[in-house]
$ cat protein06.tsv   # TSV, C-alpha atoms
chain	number	residue	atom	x	y	z
A	1	MET	CA	0.00	0.00	0.00
A	2	ILE	CA	1.27	3.43	-0.95
A	3	SER	CA	0.36	5.22	2.26
A	4	GLU	CA	2.57	3.19	4.60
A	5	TRP	CA	5.77	5.19	4.28
A	6	THR	CA	4.09	8.49	3.38
A	7	LEU	CA	2.34	8.44	6.76
A	8	GLU	CA	5.71	7.94	8.43
A	9	VAL	CA	7.19	10.89	6.53
A	10	ALA	CA	4.17	12.94	7.61
A	11	LEU	CA	4.75	11.99	11.26
A	12	ILE	CA	8.41	13.03	11.04
A	13	LEU	CA	7.52	16.42	9.50
A	14	LEU	CA	4.94	17.03	12.19
A	15	ALA	CA	7.49	16.14	14.87
A	16	ILE	CA	9.90	18.71	13.40
A	17	GLY	CA	7.18	21.36	13.64
A	18	MET	CA	6.50	20.40	17.26
A	19	VAL	CA	10.20	20.66	18.16
A	20	ILE	CA	10.45	24.15	16.62
A	21	ALA	CA	7.40	25.28	18.58
A	22	ALA	CA	8.76	23.67	21.76
A	23	VAL	CA	12.00	25.67	21.43
A	24	ARG	CA	9.93	28.86	21.23
A	25	GLY	CA	8.07	27.71	24.33
A	26	LEU	CA	11.33	27.16	26.19
A	27	ILE	CA	12.94	30.51	25.33
A	28	GLY	CA	9.76	32.61	24.85
A	29	PRO	CA	10.37	35.71	26.96
A	30	ARG	CA	6.84	36.18	28.31
A	31	THR	CA	4.17	33.82	29.59
A	32	MET	CA	1.86	34.51	26.66
A	33	ASP	CA	4.56	33.66	24.09
A	34	ARG	CA	4.82	30.28	25.76
A	35	ALA	CA	1.03	29.95	25.71
A	36	VAL	CA	0.93	30.56	21.94
A	37	ALA	CA	3.66	27.94	21.43
A	38	ALA	CA	1.79	25.44	23.61
A	39	ASP	CA	-1.36	26.10	21.56
A	40	LEU	CA	0.52	25.25	18.36
A	41	ILE	CA	1.99	22.09	19.93
A	42	PHE	CA	-1.54	21.04	20.80
A	43	PHE	CA	-2.73	21.44	17.19
A	44	ALA	CA	0.23	19.34	16.05
A	45	THR	CA	-0.81	16.73	18.63
A	46	ILE	CA	-4.25	16.52	17.04
A	47	GLY	CA	-2.51	15.84	13.73
A	48	PHE	CA	-0.37	13.20	15.41
A	49	VAL	CA	-3.41	11.43	16.85
A	50	ALA	CA	-5.10	11.45	13.43
A	51	LEU	CA	-2.04	10.04	11.66
A	52	ILE	CA	-1.34	7.33	14.23
A	53	GLY	CA	-5.01	6.41	14.17
A	54	LEU	CA	-4.87	6.00	10.38
A	55	ARG	CA	-1.69	3.94	10.66
A	56	THR	CA	-3.10	1.50	13.22
A	57	ASN	CA	-6.65	1.45	11.80
A	58	ILE	CA	-8.40	2.02	15.10
A	59	GLU	CA	-12.18	2.17	15.19
A	60	ALA	CA	-12.69	5.21	17.41
A	61	LEU	CA	-10.39	7.60	15.47
A	62	PHE	CA	-12.92	10.36	14.83
A	63	ASP	CA	-14.31	10.22	18.38
A	64	ILE	CA	-10.80	10.84	19.67
A	65	ILE	CA	-10.29	13.75	17.26
A	66	LEU	CA	-13.61	15.27	18.28
A	67	ILE	CA	-12.76	15.13	21.98
A	68	ALA	CA	-9.23	16.42	21.34
A	69	THR	CA	-10.52	19.56	19.59
A	70	LEU	CA	-12.81	20.32	22.52
A	71	LEU	CA	-10.00	19.73	25.04
A	72	GLY	CA	-7.72	22.23	23.27
A	73	PHE	CA	-10.24	24.97	23.97
A	74	MET	CA	-10.02	24.33	27.72
A	75	ALA	CA	-6.22	24.39	27.57
A	76	ALA	CA	-6.14	27.70	25.67
A	77	LEU	CA	-8.62	29.33	28.03
A	78	SER	CA	-6.82	28.23	31.17
A	79	MET	CA	-3.48	29.39	29.81
A	80	ALA	CA	-5.01	32.78	28.98
A	81	ARG	CA	-6.42	32.96	32.49
A	82	LEU	CA	-3.03	32.05	33.93
A	83	GLY	CA	-1.24	34.70	31.88
A	84	SER	CA	-3.62	37.52	32.73
A	85	GLY	CA	-3.44	36.73	36.44
A	86	GLY	CA	-7.16	36.03	36.77
A	87	ARG	CA	-8.36	39.26	35.13
A	88	ARG	CA	-10.85	38.91	32.31
B	1	MET	CA	-37.78	34.21	3.69
B	2	MET	CA	-36.16	32.91	0.52
B	3	SER	CA	-33.79	35.82	0.22
B	4	TRP	CA	-32.75	35.38	3.87
B	5	SER	CA	-31.53	31.80	3.34
B	6	PHE	CA	-29.77	32.91	0.15
B	7	ARG	CA	-28.00	35.62	2.14
B	8	ILE	CA	-26.80	33.02	4.68
B	9	ILE	CA	-25.44	30.71	1.97
B	10	GLY	CA	-23.89	33.64	0.13
B	11	PHE	CA	-22.17	34.76	3.32
B	12	LEU	CA	-20.75	31.27	3.96
B	13	PHE	CA	-19.24	31.13	0.46
B	14	TRP	CA	-17.86	34.67	0.70
B	15	TYR	CA	-16.34	33.89	4.11
B	16	ALA	CA	-14.76	30.64	2.88
B	17	LYS	CA	-13.12	32.59	0.04
B	18	GLU	CA	-11.77	35.24	2.43
B	19	PHE	CA	-10.56	32.50	4.80
B	20	ILE	CA	-8.51	30.77	2.11
B	21	ILE	CA	-7.07	34.02	0.72
B	22	SER	CA	-5.98	35.26	4.15
B	23	ASN	CA	-4.46	31.87	5.04
B	24	TYR	CA	-2.43	32.11	1.86
B	25	THR	CA	-1.23	35.68	2.50
B	26	VAL	CA	-0.14	34.96	6.09
B	27	THR	CA	1.67	31.75	5.08
B	28	ALA	CA	3.42	33.55	2.21
B	29	GLU	CA	4.47	36.34	4.58
B	30	VAL	CA	6.12	33.87	6.98
B	31	LEU	CA	8.02	32.23	4.10
B	32	ARG	CA	9.18	35.57	2.64
B	33	LEU	CA	12.74	36.68	3.33
B	34	ARG	CA	13.16	39.32	6.02
B	35	GLY	CA	14.21	42.07	3.61
B	36	ARG	CA	11.18	41.66	1.35
B	37	SER	CA	8.58	41.61	4.12
B	38	LYS	CA	5.25	43.26	3.30
B	39	MET	CA	4.13	43.26	6.92
B	40	ARG	CA	2.55	46.50	8.19
B	41	PRO	CA	0.90	45.62	11.53
B	42	ALA	CA	-1.42	48.07	13.28
B	43	ILE	CA	-4.06	48.13	16.01
B	44	ILE	CA	-7.16	50.00	14.84
B	45	ALA	CA	-10.38	51.01	16.56
B	46	VAL	CA	-13.19	49.98	14.18
B	47	PRO	CA	-16.70	51.40	14.72
B	48	ALA	CA	-19.18	48.51	14.66
B	49	ALA	CA	-22.89	48.16	13.93
B	50	SER	CA	-23.50	45.06	16.07
B	51	ARG	CA	-26.14	45.35	18.79
B	52	SER	CA	-26.97	42.04	20.46
B	53	ASP	CA	-24.52	39.83	22.34
B	54	SER	CA	-24.67	37.08	19.72
B	55	GLU	CA	-23.76	39.56	16.99
B	56	TRP	CA	-20.76	40.81	18.99
B	57	THR	CA	-19.61	37.21	19.59
B	58	MET	CA	-19.98	36.21	15.94
B	59	ILE	CA	-18.23	39.24	14.46
B	60	SER	CA	-15.28	39.09	16.85
B	61	SER	CA	-14.84	35.31	16.40
B	62	LEU	CA	-15.05	35.56	12.62
B	63	ILE	CA	-12.50	38.41	12.56
B	64	THR	CA	-10.13	36.29	14.66
B	65	LEU	CA	-10.72	33.18	12.56
B	66	THR	CA	-9.36	34.80	9.40
B	67	PRO	CA	-5.59	34.78	9.98
B	68	GLY	CA	-4.02	38.20	9.78
B	69	THR	CA	-6.77	39.97	11.68
B	70	LEU	CA	-7.30	39.53	15.40
B	71	THR	CA	-9.85	41.08	17.77
B	72	ILE	CA	-7.99	42.14	20.90
B	73	THR	CA	-10.85	43.66	22.84
B	74	ILE	CA	-14.26	45.25	22.30
B	75	SER	CA	-16.03	48.15	23.90
B	76	LYS	CA	-19.77	47.54	23.73
B	77	GLU	CA	-20.83	50.85	25.26
B	78	HIS	CA	-18.90	52.82	22.64
B	79	GLY	CA	-19.58	50.31	19.85
B	80	ILE	CA	-15.90	49.80	18.98
B	81	LEU	CA	-13.92	46.69	17.97
B	82	TYR	CA	-10.17	46.93	18.57
B	83	VAL	CA	-8.65	44.91	15.73
B	84	HIS	CA	-5.01	43.99	15.20
B	85	GLY	CA	-4.24	43.64	11.50
B	86	MET	CA	-1.11	42.22	9.91
B	87	PHE	CA	-1.26	43.99	6.54
B	88	VAL	CA	-2.62	47.48	7.15
B	89	GLU	CA	-1.70	50.19	4.63
B	90	SER	CA	-3.93	52.82	6.21
B	91	ARG	CA	-6.57	53.11	8.89
B	92	GLU	CA	-9.37	53.42	6.30
B	93	GLN	CA	-8.39	50.21	4.49
B	94	LEU	CA	-8.71	47.94	7.55
B	95	VAL	CA	-11.89	49.72	8.69
B	96	ALA	CA	-13.46	49.16	5.26
B	97	GLU	CA	-12.45	45.48	5.26
B	98	ILE	CA	-13.90	44.79	8.73
B	99	GLN	CA	-17.06	46.78	8.06
B	100	GLU	CA	-17.70	44.91	4.81
B	101	MET	CA	-17.50	41.63	6.72
B	102	GLU	CA	-19.79	42.98	9.41
B	103	ASP	CA	-22.35	44.24	6.89
B	104	ARG	CA	-22.49	40.84	5.20
B	105	LEU	CA	-22.65	39.02	8.55
B	106	LEU	CA	-25.46	41.19	9.90
B	107	ARG	CA	-27.47	40.82	6.68
B	108	ALA	CA	-27.09	37.04	7.02
B	109	MET	CA	-27.89	36.94	10.74
B	110	ARG	CA	-30.86	39.28	10.84
B	111	ARG	CA	-34.08	38.41	9.05
B	112	VAL	CA	-34.52	42.11	8.34
B	113	PRO	CA	-31.19	43.98	8.07
B	114	GLY	CA	-32.56	46.95	10.02
B	115	ASP	CA	-30.21	49.46	11.63
B	116	LEU	CA	-26.67	49.30	10.22
B	117	SER	CA	-25.52	52.68	11.52
B	118	ARG	CA	-22.20	52.99	13.28
B	119	PRO	CA	-20.81	55.41	15.85
B	120	THR	CA	-19.02	58.23	14.04
B	121	GLN	CA	-16.79	59.39	16.87
B	122	LEU	CA	-14.00	57.48	18.53
B	123	PRO	CA	-14.13	57.59	22.32
B	124	VAL	CA	-11.45	59.68	23.99
B	125	VAL	CA	-9.49	57.48	26.37
B	126	ARG	CA	-6.78	58.55	28.76
B	127	PRO	CA	-4.22	56.51	30.62
B	128	LEU	CA	-4.89	56.39	34.31
B	129	ASP	CA	-1.36	57.02	35.49
B	130	GLU	CA	1.21	59.61	34.37
B	131	ALA	CA	1.07	60.53	30.69
B	132	GLY	CA	4.77	59.92	30.00
B	133	GLU	CA	4.43	56.20	30.65
B	134	SER	CA	2.10	55.38	27.77
B	135	ARG	CA	3.82	54.58	24.53
C	1	MET	CA	-7.05	2.77	-10.62
C	2	GLU	CA	-9.85	1.86	-8.28
C	3	PRO	CA	-11.73	4.69	-6.49
C	4	ASP	CA	-10.32	3.69	-3.07
C	5	HIS	CA	-6.82	4.41	-4.25
C	6	ILE	CA	-7.74	7.84	-5.62
C	7	ALA	CA	-9.42	8.79	-2.32
C	8	ASP	CA	-6.24	7.74	-0.48
C	9	ILE	CA	-4.11	9.99	-2.68
C	10	PHE	CA	-6.40	13.00	-2.21
C	11	GLY	CA	-6.45	12.30	1.54
C	12	LEU	CA	-2.67	12.34	1.65
C	13	VAL	CA	-2.58	15.62	-0.28
C	14	PHE	CA	-4.88	17.25	2.29
C	15	ILE	CA	-2.85	15.79	5.18
C	16	PHE	CA	0.38	17.19	3.77
C	17	VAL	CA	-1.18	20.62	3.20
C	18	GLY	CA	-2.20	20.62	6.87
C	19	ILE	CA	1.24	19.54	8.05
C	20	ALA	CA	2.95	22.17	5.89
C	21	THR	CA	0.68	24.82	7.44
C	22	ILE	CA	1.61	23.70	10.96
C	23	VAL	CA	5.35	23.62	10.22
C	24	ILE	CA	5.23	27.06	8.57
C	25	SER	CA	3.41	28.60	11.51
C	26	ALA	CA	6.01	27.06	13.83
C	27	ILE	CA	8.65	28.91	11.75
C	28	GLY	CA	6.44	31.99	12.08
C	29	LEU	CA	6.78	31.79	15.86
C	30	PHE	CA	10.46	32.66	15.35
C	31	LYS	CA	10.22	35.09	12.44
C	32	LEU	CA	7.46	37.33	13.76
C	33	PRO	CA	8.38	39.91	16.39
C	34	ASP	CA	5.48	40.16	18.86
C	35	LEU	CA	2.70	38.21	20.56
C	36	TYR	CA	-0.16	39.47	18.37
C	37	LEU	CA	1.60	38.60	15.12
C	38	ARG	CA	2.54	35.17	16.48
C	39	ALA	CA	-1.05	34.55	17.48
C	40	SER	CA	-2.07	35.42	13.90
C	41	ALA	CA	0.44	32.91	12.52
C	42	VAL	CA	-0.78	30.18	14.87
C	43	GLY	CA	-4.31	31.03	13.68
C	44	THR	CA	-3.46	29.57	10.24
C	45	SER	CA	-2.64	26.16	11.72
C	46	ALA	CA	-5.59	26.28	14.13
C	47	GLY	CA	-8.02	26.77	11.26
C	48	LEU	CA	-6.66	25.49	7.96
C	49	GLY	CA	-4.03	23.12	9.40
C	50	VAL	CA	-6.21	21.03	11.68
C	51	ALA	CA	-9.28	21.16	9.40
C	52	SER	CA	-7.26	19.94	6.44
C	53	ILE	CA	-5.65	17.07	8.39
C	54	VAL	CA	-9.06	15.94	9.70
C	55	PHE	CA	-10.55	16.16	6.19
C	56	GLY	CA	-7.66	14.15	4.78
C	57	ALA	CA	-8.11	11.49	7.45
C	58	LEU	CA	-11.81	11.38	6.57
C	59	LEU	CA	-11.01	10.75	2.89
C	60	MET	CA	-8.67	7.90	3.83
C	61	ASP	CA	-11.15	6.27	6.21
C	62	PHE	CA	-14.57	7.19	4.82
C	63	SER	CA	-17.95	6.16	6.22
C	64	GLY	CA	-21.25	7.95	6.83
C	65	LEU	CA	-20.77	8.11	10.59
C	66	ASN	CA	-17.19	9.33	10.23
C	67	LEU	CA	-18.45	12.10	7.93
C	68	VAL	CA	-20.79	13.40	10.63
C	69	LYS	CA	-18.10	13.20	13.32
C	70	ALA	CA	-15.51	14.91	11.12
C	71	ILE	CA	-17.89	17.78	10.28
C	72	ILE	CA	-18.66	18.30	13.98
C	73	ALA	CA	-14.94	18.15	14.83
C	74	ILE	CA	-14.02	20.73	12.15
C	75	VAL	CA	-16.79	23.16	13.13
C	76	ALA	CA	-15.92	22.78	16.83
C	77	GLN	CA	-12.24	23.33	16.09
C	78	LEU	CA	-12.91	26.51	14.07
C	79	LEU	CA	-15.18	28.04	16.69
C	80	THR	CA	-13.11	27.13	19.74
C	81	SER	CA	-9.75	28.08	18.23
C	82	ALA	CA	-11.08	31.56	17.43
C	83	VAL	CA	-12.25	32.04	21.01
C	84	GLY	CA	-9.01	30.55	22.35
C	85	SER	CA	-6.68	32.80	20.39
C	86	MET	CA	-8.84	35.82	21.27
C	87	ALA	CA	-8.50	34.90	24.96
C	88	ILE	CA	-4.73	34.61	24.61
C	89	ALA	CA	-4.40	37.94	22.77
C	90	ARG	CA	-6.60	39.61	25.35
C	91	ALA	CA	-4.55	38.15	28.21
C	92	GLY	CA	-1.45	39.57	26.51
C	93	TYR	CA	-3.13	42.98	26.29
C	94	LEU	CA	-4.14	42.88	29.97
C	95	ASN	CA	-0.57	41.83	30.74
C	96	ASN	CA	0.75	44.94	28.93
C	97	ALA	CA	2.41	42.96	26.13
C	98	LEU	CA	3.55	45.81	23.89
C	99	PRO	CA	3.26	45.46	20.09
C	100	ALA	CA	6.58	45.41	18.21
C	101	PRO	CA	7.96	48.79	17.02
C	102	ILE	CA	7.04	47.87	13.42
C	103	THR	CA	3.36	48.40	14.38
C	104	HIS	CA	2.66	51.78	12.80
C	105	ILE	CA	-0.73	52.67	14.30
C	106	ASP	CA	-1.67	51.67	17.85
C	107	GLU	CA	-5.04	53.00	18.95
C	108	LEU	CA	-4.99	50.90	22.10
C	109	ALA	CA	-1.82	52.61	23.38
C	110	MET	CA	-3.88	55.16	25.28
C	111	THR	CA	-5.81	52.49	27.20
C	112	ARG	CA	-2.76	50.36	27.88
C	113	ARG	CA	-2.43	51.24	31.57
C	114	GLU	CA	-6.14	51.11	32.28
C	115	VAL	CA	-6.02	47.37	32.77
C	116	SER	CA	-9.63	46.65	33.68
C	117	GLY	CA	-11.28	49.42	31.64
C	118	GLY	CA	-12.14	47.52	28.46
C	119	ARG	CA	-14.20	44.89	30.32
$ encode --input "protein06.tsv" --output "structure tokens"
Amino acid sequence: MISEWTLEVALILLAIGMVIAAVRGLIGPRTMDRAVAADLIFFATIGFVALIGLRTNIEALFDIILIATLLGFMAALSMARLGSGGRR
Amino acid sequence: MMSWSFRIIGFLFWYAKEFIISNYTVTAEVLRLRGRSKMRPAIIAVPAASRSDSEWTMISSLITLTPGTLTITISKEHGILYVHGMFVESREQLVAEIQEMEDRLLRAMRRVPGDLSRPTQLPVVRPLDEAGESR
Amino acid sequence: MEPDHIADIFGLVFIFVGIATIVISAIGLFKLPDLYLRASAVGTSAGLGVASIVFGALLMDFSGLNLVKAIIAIVAQLLTSAVGSMAIARAGYLNNALPAPITHIDELAMTRREVSGGR
């Protein structure tokens, strides 16, 4: 099947993107720069879950993706709350 | 009734087009070399015609969803959206862009378009502490 | 070529478009000078990046139920990512994150110290 190795290449590319974003998160001078980097890492994680799910042919792939998108919202909101020190 | 549903569908197609174009421009800007950057960021106060809470929520989310423009905060009592834009040549250009989107959105959301007037004066705001501090 | 194969190829194209968007916005985190511009760059991967990967996965593993779930996931992702990046930008504003000097008009500068005024 053609998609075997292409999925692996896709996973490697996505991992490179995550590493770049993680470096920004480590050096990012302010809290909110780190929050933006963490947000991007989360979106890459959704991609990771989708690709690994395709690779292993699991049944519940789209349920996991659906829950992951909703979880990312909570993460972004709590990081924003953390950065603003509780002010809205 | 018919024309209302057509307005909704028309808005969705128009928004999808804008979404793809702005994704392309922001991606191209990141890939461009530093010397040839076309970036002209600005934070602009845009007078808005939204009235109800759902209209404020929709317009600010849709502005943020198109990459390149970002709602930082709103002031409902003055009727102002504070929008950060990535490619802003002049104040008028970003205001026209945002207001076109808002006009289309409000025509799609309201059964009867009704009142589309906007505040004509920007509110005068002052920093609370000493004037020299504010950039 | 059987239709299954063609759907797989289109699915892979969409997946690679999404991955390219995510990698480019990760580069944008380094190239762009301030928080608001970085949030704009991450906005491309939040919208187009994730939506295109999910759509590609749908093409590679298509069924009626998956179609419904994928549509709900894409719509939820678009709505929540907009609210999330607005919350982050607003937290930066409340935190007095200054825009980079390249920003040529700043009409929020006057309110910058008035941290709870905008509501």
$ interface_residues --input "protein06.tsv" --of "chain B" --to "chain C" --cutoff "8 Å" --atoms "only C-alpha atoms" --output "number ranges by chain"
B: 23, 26-27, 30-31, 40-45, 61-62, 64-75, 82, 84, 86, 91, 125-129, 134-135
$ residues_around --input "protein06.tsv" --residues "Ile64 of chain A" --least-positions-apart "5" --cutoff "12 Å" --atoms "all atoms listed in the file" --output "PyMOL selection string"
(chain A and resi 45-53+58-59+69-71) or (chain C and resi 54+66+69-70+73)
$ interface_residues --input "protein06.tsv" --of "chain A" --to "chain C" --cutoff "9 Å" --atoms "all atoms listed in the file" --output "MDAnalysis selection string"
chainID A and resid 2:3 6:7 10:11 13:14 16:21 24 30:33 35:37 39:41 43:44 46:47 50:51 53:54 57 61:63 65:70 72:77 79:85 87:88
$ residues_around --input "protein06.tsv" --residues "segment 100-111 of chain B" --least-positions-apart "4" --cutoff "7 Å" --atoms "all atoms listed in the file" --output "JSON, numbers by chain"
{"B": [4, 7, 8, 11, 59, 96]}
$ build_atoms --input "protein06.tsv" --residues "segment 41-72 of chain A" --atoms "N, CA and C atoms" --output "PDB file, in the frame of the given file"
ATOM      1  N   ILE A  41       1.618  23.483  19.662  1.00  0.00           N
ATOM      2  CA  ILE A  41       1.990  22.090  19.930  1.00  0.00           C
ATOM      3  C   ILE A  41       0.733  21.244  20.061  1.00  0.00           C
ATOM      4  N   PHE A  42      -0.304  21.816  20.666  1.00  0.00           N
ATOM      5  CA  PHE A  42      -1.540  21.040  20.800  1.00  0.00           C
ATOM      6  C   PHE A  42      -2.154  20.731  19.434  1.00  0.00           C
ATOM      7  N   PHE A  43      -2.148  21.718  18.522  1.00  0.00           N
ATOM      8  CA  PHE A  43      -2.730  21.440  17.190  1.00  0.00           C
ATOM      9  C   PHE A  43      -1.928  20.360  16.478  1.00  0.00           C
ATOM     10  N   ALA A  44      -0.583  20.395  16.654  1.00  0.00           N
ATOM     11  CA  ALA A  44       0.230  19.340  16.050  1.00  0.00           C
ATOM     12  C   ALA A  44      -0.111  17.988  16.673  1.00  0.00           C
ATOM     13  N   THR A  45      -0.444  17.991  17.982  1.00  0.00           N
ATOM     14  CA  THR A  45      -0.810  16.730  18.630  1.00  0.00           C
ATOM     15  C   THR A  45      -2.077  16.143  18.031  1.00  0.00           C
ATOM     16  N   ILE A  46      -3.044  17.018  17.699  1.00  0.00           N
ATOM     17  CA  ILE A  46      -4.250  16.520  17.040  1.00  0.00           C
ATOM     18  C   ILE A  46      -3.886  15.821  15.733  1.00  0.00           C
ATOM     19  N   GLY A  47      -2.972  16.458  14.975  1.00  0.00           N
ATOM     20  CA  GLY A  47      -2.510  15.840  13.730  1.00  0.00           C
ATOM     21  C   GLY A  47      -1.853  14.501  13.987  1.00  0.00           C
ATOM     22  N   PHE A  48      -1.035  14.438  15.031  1.00  0.00           N
ATOM     23  CA  PHE A  48      -0.370  13.200  15.410  1.00  0.00           C
ATOM     24  C   PHE A  48      -1.372  12.091  15.681  1.00  0.00           C
ATOM     25  N   VAL A  49      -2.385  12.414  16.490  1.00  0.00           N
ATOM     26  CA  VAL A  49      -3.410  11.430  16.850  1.00  0.00           C
ATOM     27  C   VAL A  49      -4.092  10.917  15.580  1.00  0.00           C
ATOM     28  N   ALA A  50      -4.420  11.857  14.661  1.00  0.00           N
ATOM     29  CA  ALA A  50      -5.100  11.450  13.430  1.00  0.00           C
ATOM     30  C   ALA A  50      -4.218  10.512  12.614  1.00  0.00           C
ATOM     31  N   LEU A  51      -2.922  10.859  12.494  1.00  0.00           N
ATOM     32  CA  LEU A  51      -2.040  10.040  11.660  1.00  0.00           C
ATOM     33  C   LEU A  51      -1.801   8.665  12.274  1.00  0.00           C
ATOM     34  N   ILE A  52      -1.562   8.634  13.598  1.00  0.00           N
ATOM     35  CA  ILE A  52      -1.340   7.330  14.230  1.00  0.00           C
ATOM     36  C   ILE A  52      -2.606   6.484  14.153  1.00  0.00           C
ATOM     37  N   GLY A  53      -3.756   7.139  14.296  1.00  0.00           N
ATOM     38  CA  GLY A  53      -5.010   6.410  14.170  1.00  0.00           C
ATOM     39  C   GLY A  53      -5.175   5.797  12.790  1.00  0.00           C
ATOM     40  N   LEU A  54      -4.787   6.541  11.736  1.00  0.00           N
ATOM     41  CA  LEU A  54      -4.870   6.000  10.380  1.00  0.00           C
ATOM     42  C   LEU A  54      -3.910   4.825  10.212  1.00  0.00           C
ATOM     43  N   ARG A  55      -2.737   4.961  10.816  1.00  0.00           N
ATOM     44  CA  ARG A  55      -1.690   3.940  10.660  1.00  0.00           C
ATOM     45  C   ARG A  55      -2.110   2.633  11.318  1.00  0.00           C
ATOM     46  N   THR A  56      -2.748   2.730  12.490  1.00  0.00           N
ATOM     47  CA  THR A  56      -3.100   1.500  13.220  1.00  0.00           C
ATOM     48  C   THR A  56      -4.535   1.068  12.984  1.00  0.00           C
ATOM     49  N   ASN A  57      -5.284   1.843  12.148  1.00  0.00           N
ATOM     50  CA  ASN A  57      -6.650   1.450  11.800  1.00  0.00           C
ATOM     51  C   ASN A  57      -7.588   1.281  12.989  1.00  0.00           C
ATOM     52  N   ILE A  58      -7.495   2.185  13.969  1.00  0.00           N
ATOM     53  CA  ILE A  58      -8.400   2.020  15.100  1.00  0.00           C
ATOM     54  C   ILE A  58      -9.807   2.490  14.746  1.00  0.00           C
ATOM     55  N   GLU A  59     -10.773   1.939  15.476  1.00  0.00           N
ATOM     56  CA  GLU A  59     -12.180   2.170  15.190  1.00  0.00           C
ATOM     57  C   GLU A  59     -12.613   3.589  15.602  1.00  0.00           C
ATOM     58  N   ALA A  60     -12.148   4.001  16.783  1.00  0.00           N
ATOM     59  CA  ALA A  60     -12.690   5.210  17.410  1.00  0.00           C
ATOM     60  C   ALA A  60     -11.932   6.472  17.011  1.00  0.00           C
ATOM     61  N   LEU A  61     -11.245   6.474  15.849  1.00  0.00           N
ATOM     62  CA  LEU A  61     -10.390   7.600  15.470  1.00  0.00           C
ATOM     63  C   LEU A  61     -11.100   8.944  15.537  1.00  0.00           C
ATOM     64  N   PHE A  62     -12.289   9.045  14.912  1.00  0.00           N
ATOM     65  CA  PHE A  62     -12.920  10.360  14.830  1.00  0.00           C
ATOM     66  C   PHE A  62     -13.523  10.791  16.158  1.00  0.00           C
ATOM     67  N   ASP A  63     -13.879   9.831  17.029  1.00  0.00           N
ATOM     68  CA  ASP A  63     -14.310  10.220  18.380  1.00  0.00           C
ATOM     69  C   ASP A  63     -13.163  10.869  19.124  1.00  0.00           C
ATOM     70  N   ILE A  64     -11.952  10.273  18.970  1.00  0.00           N
ATOM     71  CA  ILE A  64     -10.800  10.840  19.670  1.00  0.00           C
ATOM     72  C   ILE A  64     -10.503  12.239  19.159  1.00  0.00           C
ATOM     73  N   ILE A  65     -10.569  12.424  17.820  1.00  0.00           N
ATOM     74  CA  ILE A  65     -10.290  13.750  17.260  1.00  0.00           C
ATOM     75  C   ILE A  65     -11.293  14.765  17.777  1.00  0.00           C
ATOM     76  N   LEU A  66     -12.564  14.362  17.825  1.00  0.00           N
ATOM     77  CA  LEU A  66     -13.610  15.270  18.280  1.00  0.00           C
ATOM     78  C   LEU A  66     -13.352  15.720  19.708  1.00  0.00           C
ATOM     79  N   ILE A  67     -13.004  14.765  20.583  1.00  0.00           N
ATOM     80  CA  ILE A  67     -12.760  15.130  21.980  1.00  0.00           C
ATOM     81  C   ILE A  67     -11.497  15.969  22.098  1.00  0.00           C
ATOM     82  N   ALA A  68     -10.475  15.655  21.278  1.00  0.00           N
ATOM     83  CA  ALA A  68      -9.230  16.420  21.340  1.00  0.00           C
ATOM     84  C   ALA A  68      -9.466  17.884  20.990  1.00  0.00           C
ATOM     85  N   THR A  69     -10.282  18.162  19.956  1.00  0.00           N
ATOM     86  CA  THR A  69     -10.520  19.560  19.590  1.00  0.00           C
ATOM     87  C   THR A  69     -11.194  20.304  20.732  1.00  0.00           C
ATOM     88  N   LEU A  70     -12.115  19.635  21.430  1.00  0.00           N
ATOM     89  CA  LEU A  70     -12.810  20.320  22.520  1.00  0.00           C
ATOM     90  C   LEU A  70     -11.879  20.542  23.712  1.00  0.00           C
ATOM     91  N   LEU A  71     -10.949  19.590  23.927  1.00  0.00           N
ATOM     92  CA  LEU A  71     -10.000  19.730  25.040  1.00  0.00           C
ATOM     93  C   LEU A  71      -9.053  20.915  24.824  1.00  0.00           C
ATOM     94  N   GLY A  72      -8.649  21.148  23.564  1.00  0.00           N
ATOM     95  CA  GLY A  72      -7.720  22.230  23.270  1.00  0.00           C
ATOM     96  C   GLY A  72      -8.273  23.574  23.679  1.00  0.00           C
TER      97      GLY A  72
END
